[in-house]
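Below is one structure, written out as structure tokens, with a few remarks after it.
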Amino acid sequence: MVSRFLSDLLRKIDLGILLPVLLLVGAGLISLYSATHDAAIFVKFQKQIFWSILGLLSVVLILLSPPRFFHYSAYLIYGFAIILLLLVLLFGKTVAGNAGWFGIGSYGIQPSEFAKVAAILALARFLSDSTTSMNSFTDLLKAIGIVALPWLLILLQPDFGTGLVYWAIFLAMIFWAGAEMLLLLTLLSPILVIILSIIDIWYFLGAAVVVSSLFYIYKRNLGVALMFLAINLSIGFGVQYLYDHLPAYQKARIAVYFDPTEAPLSAGWNVIQSKVAIGSGGLSGRGYLQGSQTQLRFVPEQWTDFIFCVPAEEFGFIGGSIILLLFTLFFLRGIILARLIEFRFSSLVIIGITAMFLFHVFINIGMTVGLIPVIGIPLPFMSYGGSFFLTSMFAIGIILHAAMSRDRIA
Amino acid sequence: MERSSFASRKRAYTMGAIFLILIGILLFRMYELQFVQFDSFRTQAEKQSIHQISKDPLRGLIYDRDGNLIVGNNPSYTLTVTPFKFDWSSLPLLVRMFQVDSNVVRYRVSRAGMHSFEPVKIARDLTFRQLSLLEENRTLLPGVNYIVESRRIYTMKPRMAHLLGYTKEISPRLLKNLGDYYQPGDIVGFNGIEAEYEDVLRGRKGYGYHTVNALGKVVESFDHGRSDIPAEEGRDLILSIDMDLQDYGERLMKGRRGAIVALDPRNGEVLAFVSAPDYDLRDFSGRIPVDVWSTLRDDPASPLYNRCSMAAYPPGSTFKMLVAAAALEENIIDINTRIQCPGSYMLAGQEFGCHGAHGDINVVSAIEHSCNVFFYRLIFKLGFDNLKKYGTMFHFGQKTGLDISNENSGILPTEEYYNKRYGTRWNIGYLVNLGIGQGEINTTPLQMAAYTAAIANGGTYYAPHAVRATCADIDGEAEHLPVRSEKLAMSPAVLEIIQRGMYRAVNGSGTGYAARVAGTRVAGKTGTAENPPNPDHAWFVGYAPFDDPRIAVAVIVENGGFGGTTAAPIAGAIIRRALFGTPTYVPQEIDSSAQQPIAIPVEASAHAELED
């Protein structure tokens with residue numbers, strides 16, 4: 001009975017998703033071992049084993065849940081996540097300048113990670129409603145609101161990096177839901193504005209005016225165009241205000257992004273050391289447990305945000321490429337699944353989750369290779385850290401769950 | 001269900017394309033780092049993980065001629081800062097606790113570069129109180145530590161400060177001049193033997209290679225220490241100094257200003273090198289206390305000044321042997337030539353005096369009685385060219401080649417010298433004065449001793465040297481340093497005449513009787529260097545035993561008056577002590593304040609070097 005159930009489960013599981021993920025989890029553990037094996041931080045490796053097992057169990061648990069379970073409970077889960085975010089703001093403890101932690105013994109839990117998946121579920125639920133139209137301005141505002149609420153709560157923690165992920169997910173999902181390209185462009189403009197406003201106030205003002213004018217030319221609606229301009233301006237100035245009030249460590253991270261050599265011993269250290277680690281790996285790497293940068297602990301926080309240095313240094317370009325290839329296989333399979341599944345909710349959920357992972361991978365590896373500012377975004381399946389790892393496994397469970405039920409729904 | 005735009009094939013492809021482009025950007029960047037910039041990153045990784053830590057060798061020891069230790073090493077505690085670990089906010093505390101100059105710390109720590117894991121020396125000779133302060137405050141002073149180094153100790157009674165020199169922390173200027181070997185905070189020899197034999201004494205720093213982690217902690221030795229370069233210990237020096245004689249000489253000169261240089265005429269070895277007043281090297285064997293330094297520097301008697309080889313005085317009558325030898329060698333006179341001394345010499349309407357009318361005398365008597373007229377006439381016949389020829393032969397106006405660089409050449413005036421100095425406003429009388437060692441001629445006591453030694457040994461000029469040999473270990477094999485010598489172009493017969501004159505000057509009816517020593521035959525010559533308006537300087541040069549010279553000595557007592565009464569007894573005592581080991585002359589204690597301050601011919605950079 002049990003074995004039949006298991007073989008049934010295995011037959012229905014989408015291996016195109018599961019296999020790359022399992023391999024990446026394995027690669028993560030191998031890397032983590034290398035980064036921690038002979039030091040007091042080895043306990044992190046042991047904890048991660050625990051998280052891996054817990055993660056896989058939760059995947060199984062999710063697979064056992066009834067079809068359309070997440071469709072039904074999307075808003076409930078979302079509401080629960082918002083409450084958690086509020087609670088953590090009030091009662092959370094602070095780790096590295098970030099107040100978004102619940103402590104349970106020596107384990108810390110970040111609700112902001114769970115809230116990402118909750119927001120994906122809620123947004124997918126809203127966008128898949130037959131009453132929702134991508135051409136309705138109010139519906140668009142509602143969709144933005146769904147994402148903006150957790151985003152704002154996370155900004156208050158403050159966690160700028162995690163906050164950004166929400167908008168990447170949002171854009172991917174409304175794109176998938178059929179939003180017009182022009183709309184997407186105009187929605188992208190705030191992101192452009194945010195980046196420009198950090199560089200120079202005139203760049204951002206110019207960009208806001210140009211995009212708003214384009215909006216008016218295409219839409220011929222002066223009121224909406226002006227409102228759009230107002231939103232862009234307030235975002236731009238808001239970011240400037242926020243930047244001025246950012247904690248020093250995040251400000252330093254942003255400043256140093258423009259020139260890491262400016263502060264080689266403090267804020268720029270991570271990026272420089274991580275680049276040295278990756279660059280010195282060459283084609284085939286320095287050998288497992290042989291990377292001097294990793295073994296001599298030159299890269300601070302290597303086990304979390306900078307875990308990618310380990311395979312890139314010790315297994316070189318080959319090792320790093322294999323990891324990128326596994327991620328790519330996973331992403332492409334995600335898009336294919338989202339195409340195959342006709343149940344709009346599931347399709348949107350899969351796209352949202354895939355986009356979330358892609359964004360994480362791009363930002364995280366971009367950080368370690370010195371392309372993107374260090375904004376504290378972990379590498380899915382590989383970085384040490386329970387909250388995001390479990391969130392990732394939940395998300396994988398949800399994809400597999402959606403994929404499993406597709407024959408029944410179709 | 002309307003599927004015109006929701007999850008359309010076009011949108012799936014667009015999304016897939018965006019995903020692939022983003023992944024492609026990452027791949028390209030990895031290619032850049034791991035292929036294009038691979039070499040520089042690999043080098044950087046190796047450089048920052050393998051660190052070189054230098055190991056200072058022990059400085060060589062200094063022994064006397066009998067193998068007794070003169071200068072040794074004692075442990076001392078040096079404050080260090082490891083730049084990588086140092087927290088600049090703790091600088092004020094560091095400055096307060098150890099009384100260090102914050103600029104020194106800044107300079108040394110920042111000079112170490114970005115990733116220096118090697119401790120930089122900040123201050124020497126920590127007291128035990130400071131050590132315990134450091135231990136108590138370690139957490140407040142990250143990267144601050146101490147190392148055990150050695151400092152000089154002086155084990156014997158003689159001070160010999162001017163000959164030995166001392167060690168000191170290298171100055172920024174010297175650091176620039178000496179090149180790569182030294183680091184700020186390193187010890188380097190200053191003055192004397194410590195400076196001259198720096199390369200021998202210091203040894204060679206060793207280098208250890210360690211794998212270091214990002215916290216600057218040494219993880220393990222690199223390549224199991226196979227690439228390490230062991231420190232090479234400094235070689236020891238064996239001096240030719242006779243410590244008993246040196247000590248005795250220092251006691252003889254106590255309360256006086258002047259110098260004694262005693263040489264072995266058989267090889268040029270320095271037996272005693274006394275410059276008075278002097279200073280205690282023990283005060284210099286660590287951080288020199290500021291008050292000690294300023295007292296020494298401002299003392300009108302200039303104790304820091306090396307009178308043996310840096311101070312130059314007119315030689316007075318001790319120069320007459322040179323004039324006589326030159327005239328004999330040039331066949332201007334021979335042993336039988338007699339010259340009439342009426343008590344003065346008239347030249348171009350100018351009268352040059354003598355101390356008495358010596359009558360009709362030959363060269364031996366002229367030296368014996370120190371007859372001025374005889375030598376006025378000789379020098380007049382010899383002229384500037386011969387003076388230069390024979391003066392240079394005996395290294396007047398030149399360095400003797402002593403093996404420490406604190407040496408003054410003195411002045412041997414020539415026509416060009418006077419032309420340059422006075423233009424046309426000088427006359428032949430200037431030359432005449434040189435015949436009796438007065439006027440612009442200046443010689444150091446060391447030059448006079450070496451000159452006397454060359455006369456004594458029958459015409460070989462040995463470069464004086466205080467270091468006999470070097471060795472790795474005093475019980476091991478010593479490597480003798482080459483002795484430099486020149487055979488003078490002078491017939492032994494000429495020098496024999498000079499020697500007879502000197503013998504008579506001491507043992508006949510001459511001025512040097514006070515230098516007689518019972519049991520041996522001493523030859524010598526007194527001299528009195530005019531020093532207007534202050535009292536004359538008293539000279540004596542001599543050697544013994546007459547038949548088989550084993551010691552040549554030059555003594556000068558500043559403002560000592562007549563050479564025969566002040567300098568000759570000291571020279572005699574030195575000779576007696578050197579040959580027989582017992583004192584014949586116990587000098588009376590002299591109140592040094594009774595001595596007139598003198599204008600020391602500060603020529604060279606003795607002080608500048610000291611103050612570097």
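Scheme for the structure tokens: letters A, B, ... for chains in order shown; per-chain residue numbers from 1; ligand numbers from 1 in order shown.
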Output as a tab-separated table one row per residue of chain A within 7 Å of chain B: the closest atom pair and its distance in Å to one decimal place, counting only C-alpha atoms, sorted by chain and residue number ascending.
```
residue	atom	partner	partner_atom	distance
A:Trp176	CA	B:Ala7	CA	5.2
A:Ala177	CA	B:Phe6	CA	4.9
A:Gly178	CA	B:Phe6	CA	4.6
A:Val276	CA	B:Phe41	CA	5.0
A:Ile278	CA	B:Gln34	CA	6.5
A:Gly279	CA	B:Gln34	CA	4.3
A:Ser280	CA	B:Arg42	CA	4.0
A:Gly281	CA	B:Gln34	CA	6.3
A:Gly282	CA	B:Gln34	CA	4.3
A:Leu283	CA	B:Gln34	CA	6.5
A:Ser292	CA	B:Ser49	CA	6.7
A:Gln293	CA	B:Ala45	CA	6.6
A:Leu296	CA	B:Asn213	CA	4.2
A:Arg297	CA	B:Ala214	CA	5.6
A:Phe298	CA	B:Ala214	CA	4.5
A:Phe317	CA	B:Gln34	CA	6.5
A:Leu332	CA	B:Gly16	CA	6.5
A:Ile335	CA	B:Ala12	CA	6.5
A:Arg339	CA	B:Ala7	CA	6.1
A:Phe362	CA	B:Leu22	CA	6.7
A:Gly366	CA	B:Leu26	CA	6.5
A:Val369	CA	B:Arg29	CA	6.9
```
**helix (DSSP H, G or I) positions in segment 5-127 of chain B, given as a ChimeraX atom specification** = /B:9-36,38-49,88-98,102-111
Take the residues that were just selected and, keeping C-alpha atoms, output them as an mmCIF file, in the first residue's frame.
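The resulting file, out-v9.cif, is shown below:
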```cif
data_model
loop_
_atom_site.group_PDB
_atom_site.id
_atom_site.type_symbol
_atom_site.label_atom_id
_atom_site.label_comp_id
_atom_site.auth_asym_id
_atom_site.auth_seq_id
_atom_site.Cartn_x
_atom_site.Cartn_y
_atom_site.Cartn_z
ATOM 1 C CA ARG B 9 4.104 30.843 -26.877
ATOM 2 C CA LYS B 10 5.592 34.235 -27.681
ATOM 3 C CA ARG B 11 5.693 35.225 -24.028
ATOM 4 C CA ALA B 12 7.182 31.894 -23.019
ATOM 5 C CA TYR B 13 9.949 32.380 -25.572
ATOM 6 C CA THR B 14 10.480 35.986 -24.451
ATOM 7 C CA MET B 15 10.759 34.900 -20.865
ATOM 8 C CA GLY B 16 13.076 32.039 -21.732
ATOM 9 C CA ALA B 17 15.239 34.418 -23.752
ATOM 10 C CA ILE B 18 15.470 36.932 -20.875
ATOM 11 C CA PHE B 19 16.441 34.092 -18.510
ATOM 12 C CA LEU B 20 19.117 32.841 -20.872
ATOM 13 C CA ILE B 21 20.511 36.324 -21.443
ATOM 14 C CA LEU B 22 20.850 36.887 -17.686
ATOM 15 C CA ILE B 23 22.551 33.527 -17.206
ATOM 16 C CA GLY B 24 24.737 34.346 -20.218
ATOM 17 C CA ILE B 25 25.854 37.591 -18.607
ATOM 18 C CA LEU B 26 26.964 35.651 -15.534
ATOM 19 C CA LEU B 27 28.802 33.088 -17.646
ATOM 20 C CA PHE B 28 30.568 35.792 -19.565
ATOM 21 C CA ARG B 29 31.615 37.484 -16.359
ATOM 22 C CA MET B 30 32.952 34.204 -15.018
ATOM 23 C CA TYR B 31 34.900 33.817 -18.240
ATOM 24 C CA GLU B 32 36.363 37.280 -17.714
ATOM 25 C CA LEU B 33 37.450 36.545 -14.164
ATOM 26 C CA GLN B 34 38.602 32.979 -14.649
ATOM 27 C CA PHE B 35 40.282 33.235 -18.040
ATOM 28 C CA VAL B 36 41.082 36.822 -18.953
ATOM 29 C CA PHE B 38 43.109 34.567 -14.219
ATOM 30 C CA ASP B 39 46.824 35.289 -13.859
ATOM 31 C CA SER B 40 46.438 38.405 -11.781
ATOM 32 C CA PHE B 41 43.835 36.842 -9.505
ATOM 33 C CA ARG B 42 45.850 33.678 -9.018
ATOM 34 C CA THR B 43 48.904 35.757 -8.127
ATOM 35 C CA GLN B 44 46.895 37.836 -5.735
ATOM 36 C CA ALA B 45 45.435 34.769 -4.076
ATOM 37 C CA GLU B 46 48.884 33.319 -3.562
ATOM 38 C CA LYS B 47 50.384 36.559 -2.425
ATOM 39 C CA GLN B 48 47.796 37.215 0.221
ATOM 40 C CA SER B 49 47.738 33.746 1.580
ATOM 41 C CA TRP B 88 43.367 52.884 14.338
ATOM 42 C CA SER B 89 40.933 53.982 16.995
ATOM 43 C CA SER B 90 43.245 52.477 19.583
ATOM 44 C CA LEU B 91 46.124 54.729 18.490
ATOM 45 C CA PRO B 92 45.627 57.339 21.240
ATOM 46 C CA LEU B 93 45.707 54.608 23.878
ATOM 47 C CA LEU B 94 48.854 53.157 22.340
ATOM 48 C CA VAL B 95 50.505 56.554 22.317
ATOM 49 C CA ARG B 96 49.565 57.206 25.911
ATOM 50 C CA MET B 97 50.550 53.821 27.222
ATOM 51 C CA PHE B 98 53.955 53.526 25.580
ATOM 52 C CA SER B 102 51.821 58.818 16.832
ATOM 53 C CA ASN B 103 53.458 59.951 13.590
ATOM 54 C CA VAL B 104 56.015 57.190 13.870
ATOM 55 C CA VAL B 105 53.242 54.657 14.298
ATOM 56 C CA ARG B 106 51.310 56.095 11.357
ATOM 57 C CA TYR B 107 54.341 56.156 9.122
ATOM 58 C CA ARG B 108 55.507 52.652 9.918
ATOM 59 C CA VAL B 109 52.115 51.009 9.875
ATOM 60 C CA SER B 110 50.971 52.607 6.657
ATOM 61 C CA ARG B 111 54.316 51.953 4.987
#
```
**Prompt:** Within 7 Å of Gly285 of chain A, counting only C-alpha atoms, which residues qualify if same-chain residues fewer than 3 places away don't, as a ChimeraX atom specification?
**Reply:** /A:281-282,312-316
Residue subset to file, keeping N, CA and C atoms, as a compact mmCIF listing (two decimals), in the first residue's frame:
```txt
# COMPACT_ATOMS: atom_id res chain seq x y z
N GLY A 281 40.41 30.57 -9.51
CA GLY A 281 39.99 29.20 -9.81
C GLY A 281 40.36 28.76 -11.21
N GLY A 282 40.35 29.70 -12.16
CA GLY A 282 40.71 29.35 -13.53
C GLY A 282 39.74 28.37 -14.15
N ALA A 312 33.40 27.87 -7.54
CA ALA A 312 34.11 28.59 -8.60
C ALA A 312 35.61 28.61 -8.35
N GLU A 313 36.01 28.63 -7.07
CA GLU A 313 37.45 28.61 -6.80
C GLU A 313 38.01 27.18 -6.87
N GLU A 314 37.27 26.26 -6.25
CA GLU A 314 37.86 24.93 -6.11
C GLU A 314 37.59 24.03 -7.33
N PHE A 315 36.52 24.33 -8.08
CA PHE A 315 36.24 23.54 -9.29
C PHE A 315 36.30 24.40 -10.55
N GLY A 316 36.65 25.67 -10.38
CA GLY A 316 36.92 26.54 -11.52
C GLY A 316 35.70 26.85 -12.38
```
Neighbours of Arg577 of chain B within 12 Å (only C-alpha atoms; same-chain residues fewer than 3 positions away dropped), as a CSV table (one decimal) with C-alpha atoms, in the first residue's frame?
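Dumped everything to result-v3.csv:
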```
chain,number,residue,atom,x,y,z
B,242,ASP,CA,94.7,45.6,24.6
B,243,MET,CA,91.9,46.1,27.1
B,244,ASP,CA,94.2,46.6,30.0
B,245,LEU,CA,96.1,49.3,28.1
B,246,GLN,CA,92.8,50.9,26.9
B,247,ASP,CA,91.5,51.0,30.5
B,248,TYR,CA,94.8,52.4,31.7
B,249,GLY,CA,94.8,55.0,29.0
B,252,LEU,CA,95.3,58.5,32.5
B,262,ALA,CA,98.7,53.3,20.5
B,271,LEU,CA,96.3,48.7,20.9
B,272,ALA,CA,94.6,51.7,22.5
B,517,VAL,CA,110.8,53.9,31.0
B,518,ALA,CA,113.1,51.9,33.2
B,519,GLY,CA,113.9,48.6,31.5
B,520,THR,CA,113.4,49.6,27.9
B,544,ALA,CA,109.6,51.3,22.3
B,551,ILE,CA,104.4,49.9,20.5
B,570,ILE,CA,101.5,59.9,29.7
B,571,ALA,CA,103.2,58.3,26.7
B,572,GLY,CA,105.9,56.8,29.0
B,573,ALA,CA,103.3,55.4,31.3
B,574,ILE,CA,101.5,53.8,28.3
B,580,PHE,CA,105.6,45.6,31.5
B,581,GLY,CA,102.1,45.8,32.7
B,582,THR,CA,102.9,48.0,35.7
B,583,PRO,CA,102.2,51.7,36.1
B,584,THR,CA,105.1,54.0,36.5
B,585,TYR,CA,103.2,57.2,36.4
B,586,VAL,CA,100.1,57.9,38.3
```
**Asked** Any idea what's packed within 10 Å of Asp547 of chain B, counting only C-alpha atoms, ignoring anything in its chain fewer than 4 positions away? Could you give it as a PyMOL selection string?
**Response** chain B and resi 456-457+499+520-523
Could you write those residues out with C-alpha atoms, as a CSV table (one decimal), in the first residue's frame?
```csv
chain,number,residue,atom,x,y,z
B,456,ALA,CA,109.8,52.9,14.2
B,457,ASN,CA,109.5,49.8,11.9
B,499,GLN,CA,115.3,57.1,15.0
B,520,THR,CA,113.4,49.6,27.9
B,521,ARG,CA,114.7,52.2,25.6
B,522,VAL,CA,112.1,54.7,24.4
B,523,ALA,CA,112.4,56.9,21.4
```
**Prompt:** If you run DSSP on this backbone, which residues of segment 131-371 of chain B come out as strand (DSSP E or B), and could you give them as a ChimeraX atom specification?
**Reply:** /B:144-154,166-169,187-190,204,206-212,218-221,229,232,236-239,258-263,269-276,313,339-341,344-347,350-353,359-361
**Asked** For Met321 of chain B, which residue among B:Asn427, B:Ser491, B:Ser150, B:Ser370 is the nearest when counting only C-alpha atoms?
**Response** B:Ser370
**Request:** For atom CA of Asn364 of chain A and atom CA of Pro378 of chain A, quote the distance in Å rounded to one decimal.
**Result:** 6.0 Å
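Proximity of A:Val209, A:Leu329, A:Val21, A:Ala35 to Ile231 of chain A, computed with only C-alpha atoms, is greatest for A:Val209.
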**Request:** Find the residues near segment 162-179 of chain B: any atom within 8 Å, counting only C-alpha atoms, skip ones fewer than 6 places away on the same chain, and give them as number ranges by chain.
**Result:** B: 152, 185-195, 273, 275, 278, 281, 284-287, 304-306, 404, 612
Restricting it to C-alpha atoms, dump the selection as a PDB file, in the first residue's frame.
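Now in out-v6.pdb:
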```pdb
ATOM      1  CA  ARG B 152      73.971  45.623  23.320  1.00  0.00           C
ATOM      2  CA  GLY B 185      62.564  49.867  13.393  1.00  0.00           C
ATOM      3  CA  ASP B 186      65.590  47.765  12.492  1.00  0.00           C
ATOM      4  CA  ILE B 187      68.758  48.163  14.477  1.00  0.00           C
ATOM      5  CA  VAL B 188      71.786  49.449  12.681  1.00  0.00           C
ATOM      6  CA  GLY B 189      75.328  50.293  13.757  1.00  0.00           C
ATOM      7  CA  PHE B 190      76.116  53.966  14.290  1.00  0.00           C
ATOM      8  CA  ASN B 191      79.679  55.233  14.329  1.00  0.00           C
ATOM      9  CA  GLY B 192      82.838  53.323  14.968  1.00  0.00           C
ATOM     10  CA  ILE B 193      83.180  49.613  14.546  1.00  0.00           C
ATOM     11  CA  GLU B 194      79.434  48.999  14.868  1.00  0.00           C
ATOM     12  CA  ALA B 195      78.870  51.100  11.753  1.00  0.00           C
ATOM     13  CA  PHE B 273      92.211  54.268  21.247  1.00  0.00           C
ATOM     14  CA  SER B 275      89.536  59.967  23.352  1.00  0.00           C
ATOM     15  CA  ASP B 278      84.168  60.209  26.510  1.00  0.00           C
ATOM     16  CA  LEU B 281      77.957  53.331  25.862  1.00  0.00           C
ATOM     17  CA  PHE B 284      73.271  54.198  24.393  1.00  0.00           C
ATOM     18  CA  SER B 285      72.346  50.552  24.456  1.00  0.00           C
ATOM     19  CA  GLY B 286      68.652  51.111  24.134  1.00  0.00           C
ATOM     20  CA  ARG B 287      66.557  54.136  23.681  1.00  0.00           C
ATOM     21  CA  LEU B 304      80.835  62.838  21.736  1.00  0.00           C
ATOM     22  CA  TYR B 305      83.748  64.050  19.664  1.00  0.00           C
ATOM     23  CA  ASN B 306      86.241  61.418  18.606  1.00  0.00           C
ATOM     24  CA  ILE B 404      86.308  52.888  10.998  1.00  0.00           C
ATOM     25  CA  ASP B 612      71.203  61.560  12.485  1.00  0.00           C
TER      26      ASP B 612
END
```
**Asked** Neighbours of Val224 of chain A within 10 Å (only C-alpha atoms; same-chain residues fewer than 5 positions away dropped), as a PyMOL selection string?
**Response** chain A and resi 137+212+215-216+219+229-230
For C-alpha atoms, I'd like the residues from the last selection saved as a tab-separated table (two decimals), in the first residue's frame.
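What ended up in part-v7.tsv:
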```
chain	number	residue	atom	x	y	z
A	137	PHE	CA	-6.27	50.22	-14.00
A	212	SER	CA	5.78	59.85	-18.35
A	215	PHE	CA	3.08	57.16	-21.44
A	216	TYR	CA	1.03	60.18	-22.47
A	219	LYS	CA	-2.18	56.40	-23.85
A	229	LEU	CA	4.94	61.17	-13.18
A	230	ALA	CA	3.99	61.93	-9.59
```
